[in-house]
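One structure is given below, encoded as structure tokens.
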Amino acid sequence: MADLRRFSGPNEAYVLEQYERFAADPQSVDAGWRAYFADFVPPAPEAAGAAAFPSSAAPAAVDV
């Protein structure tokens, strides 16, 4: 299963954008993306950012 763990920040948003295009019209993305999305399961909307940033990887808070 393809997932978003190997993407982060703007890259994750780009992948999700490509997936939305693919979902609307598979021919609107190139063959590489079609192959990637063949077994892709998009994250739930509330978990989209959590896939790339597990809580243990979050930076410590800084008092400014």
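Chain lettering (A, B, ...) mirrors the order of the structure tokens, residue numbering begins at 1 for each chain separately, and ligand numbering begins at 1 in order of display.
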
For Pro26 of chain A, find every residue with an atom within 12 Å (counting only C-alpha atoms), except residues of its own chain fewer than 5 positions away, and show them as a compact mmCIF listing (two decimals) with all heavy atoms, in the first residue's frame.
```txt
# COMPACT_ATOMS: atom_id res chain seq x y z
N GLN A 18 -2.28 15.81 -6.63
CA GLN A 18 -2.23 14.89 -7.76
C GLN A 18 -3.28 13.79 -7.61
O GLN A 18 -3.92 13.38 -8.58
CB GLN A 18 -0.83 14.27 -7.91
CG GLN A 18 0.23 15.26 -8.29
CD GLN A 18 -0.09 15.98 -9.59
OE1 GLN A 18 -0.32 15.37 -10.62
NE2 GLN A 18 -0.13 17.30 -9.54
N TYR A 19 -3.48 13.32 -6.38
CA TYR A 19 -4.49 12.29 -6.15
C TYR A 19 -5.89 12.82 -6.45
O TYR A 19 -6.71 12.10 -7.04
CB TYR A 19 -4.43 11.77 -4.70
CG TYR A 19 -5.50 10.73 -4.48
CD1 TYR A 19 -5.36 9.46 -5.03
CD2 TYR A 19 -6.65 11.03 -3.78
CE1 TYR A 19 -6.35 8.51 -4.87
CE2 TYR A 19 -7.65 10.09 -3.62
CZ TYR A 19 -7.49 8.83 -4.17
OH TYR A 19 -8.49 7.89 -4.02
N GLU A 20 -6.17 14.06 -6.07
CA GLU A 20 -7.49 14.64 -6.37
C GLU A 20 -7.70 14.70 -7.88
O GLU A 20 -8.79 14.40 -8.37
CB GLU A 20 -7.61 16.02 -5.75
CG GLU A 20 -7.75 15.99 -4.24
CD GLU A 20 -7.74 17.37 -3.61
OE1 GLU A 20 -7.69 18.38 -4.35
OE2 GLU A 20 -7.77 17.43 -2.38
N ARG A 21 -6.66 15.09 -8.62
CA ARG A 21 -6.75 15.11 -10.08
C ARG A 21 -7.00 13.70 -10.60
O ARG A 21 -7.83 13.49 -11.48
CB ARG A 21 -5.48 15.68 -10.70
CG ARG A 21 -5.32 17.18 -10.47
CD ARG A 21 -4.05 17.73 -11.07
NE ARG A 21 -3.98 17.44 -12.49
CZ ARG A 21 -2.87 17.47 -13.21
NH1 ARG A 21 -1.71 17.76 -12.63
NH2 ARG A 21 -2.88 17.19 -14.49
N ALA A 31 1.59 8.60 -16.26
CA ALA A 31 1.56 7.17 -15.99
C ALA A 31 2.21 6.82 -14.64
O ALA A 31 1.77 5.89 -13.96
CB ALA A 31 2.24 6.40 -17.11
N GLY A 32 3.25 7.55 -14.25
CA GLY A 32 3.90 7.30 -12.97
C GLY A 32 2.96 7.51 -11.79
O GLY A 32 2.93 6.71 -10.85
N TRP A 33 2.20 8.59 -11.85
CA TRP A 33 1.22 8.84 -10.79
C TRP A 33 0.11 7.81 -10.82
O TRP A 33 -0.36 7.34 -9.77
CB TRP A 33 0.64 10.25 -10.88
CG TRP A 33 1.55 11.30 -10.34
CD1 TRP A 33 2.08 12.35 -11.02
CD2 TRP A 33 2.04 11.42 -9.00
NE1 TRP A 33 2.87 13.10 -10.19
CE2 TRP A 33 2.86 12.55 -8.95
CE3 TRP A 33 1.87 10.68 -7.84
CZ2 TRP A 33 3.52 12.96 -7.78
CZ3 TRP A 33 2.52 11.09 -6.68
CH2 TRP A 33 3.33 12.21 -6.66
N ARG A 34 -0.36 7.43 -12.00
CA ARG A 34 -1.42 6.41 -12.08
C ARG A 34 -0.95 5.11 -11.44
O ARG A 34 -1.70 4.46 -10.71
CB ARG A 34 -1.84 6.19 -13.54
CG ARG A 34 -2.65 7.36 -14.09
CD ARG A 34 -3.32 7.03 -15.40
NE ARG A 34 -2.42 6.66 -16.47
CZ ARG A 34 -1.86 7.52 -17.32
NH1 ARG A 34 -2.11 8.82 -17.21
NH2 ARG A 34 -1.06 7.09 -18.28
N ALA A 35 0.30 4.75 -11.68
CA ALA A 35 0.84 3.53 -11.08
C ALA A 35 0.93 3.67 -9.56
O ALA A 35 0.60 2.74 -8.82
CB ALA A 35 2.22 3.22 -11.67
N TYR A 36 1.38 4.83 -9.09
CA TYR A 36 1.49 5.07 -7.64
C TYR A 36 0.12 4.99 -6.98
O TYR A 36 -0.05 4.39 -5.93
CB TYR A 36 2.12 6.44 -7.38
CG TYR A 36 2.26 6.76 -5.91
CD1 TYR A 36 3.30 6.22 -5.16
CD2 TYR A 36 1.34 7.58 -5.27
CE1 TYR A 36 3.42 6.50 -3.80
CE2 TYR A 36 1.46 7.87 -3.92
CZ TYR A 36 2.49 7.33 -3.19
OH TYR A 36 2.60 7.60 -1.86
N PHE A 37 -0.89 5.60 -7.62
CA PHE A 37 -2.22 5.65 -7.03
C PHE A 37 -3.00 4.35 -7.19
O PHE A 37 -4.08 4.20 -6.61
CB PHE A 37 -3.02 6.82 -7.60
CG PHE A 37 -2.46 8.17 -7.23
CD1 PHE A 37 -2.33 9.16 -8.17
CD2 PHE A 37 -2.07 8.43 -5.93
CE1 PHE A 37 -1.82 10.41 -7.83
CE2 PHE A 37 -1.56 9.67 -5.57
CZ PHE A 37 -1.43 10.66 -6.53
N ALA A 38 -2.47 3.38 -7.93
CA ALA A 38 -3.15 2.11 -8.12
C ALA A 38 -3.42 1.41 -6.79
O ALA A 38 -4.45 0.77 -6.61
CB ALA A 38 -2.34 1.19 -9.03
```

- Which of these, A:Val64, A:Pro42, A:Asp30, A:Asp25, has the shortest distance to Ala13 of chain A once you count only C-alpha atoms?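 Among the listed residues, A:Pro42 lies closest to Ala13 of chain A.
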
- Using only C-alpha atoms, which residue out of A:Gly9, A:Asp63, A:Val29, A:Leu4 lies closest to Ala44 of chain A?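 Checking each of A:Gly9, A:Asp63, A:Val29, A:Leu4 against Ala44 of chain A, counting only C-alpha atoms, the winner is A:Leu4.
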
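One finds atom CA of Ala24 of chain A at 23.5 Å from atom CA of Ser8 of chain A.
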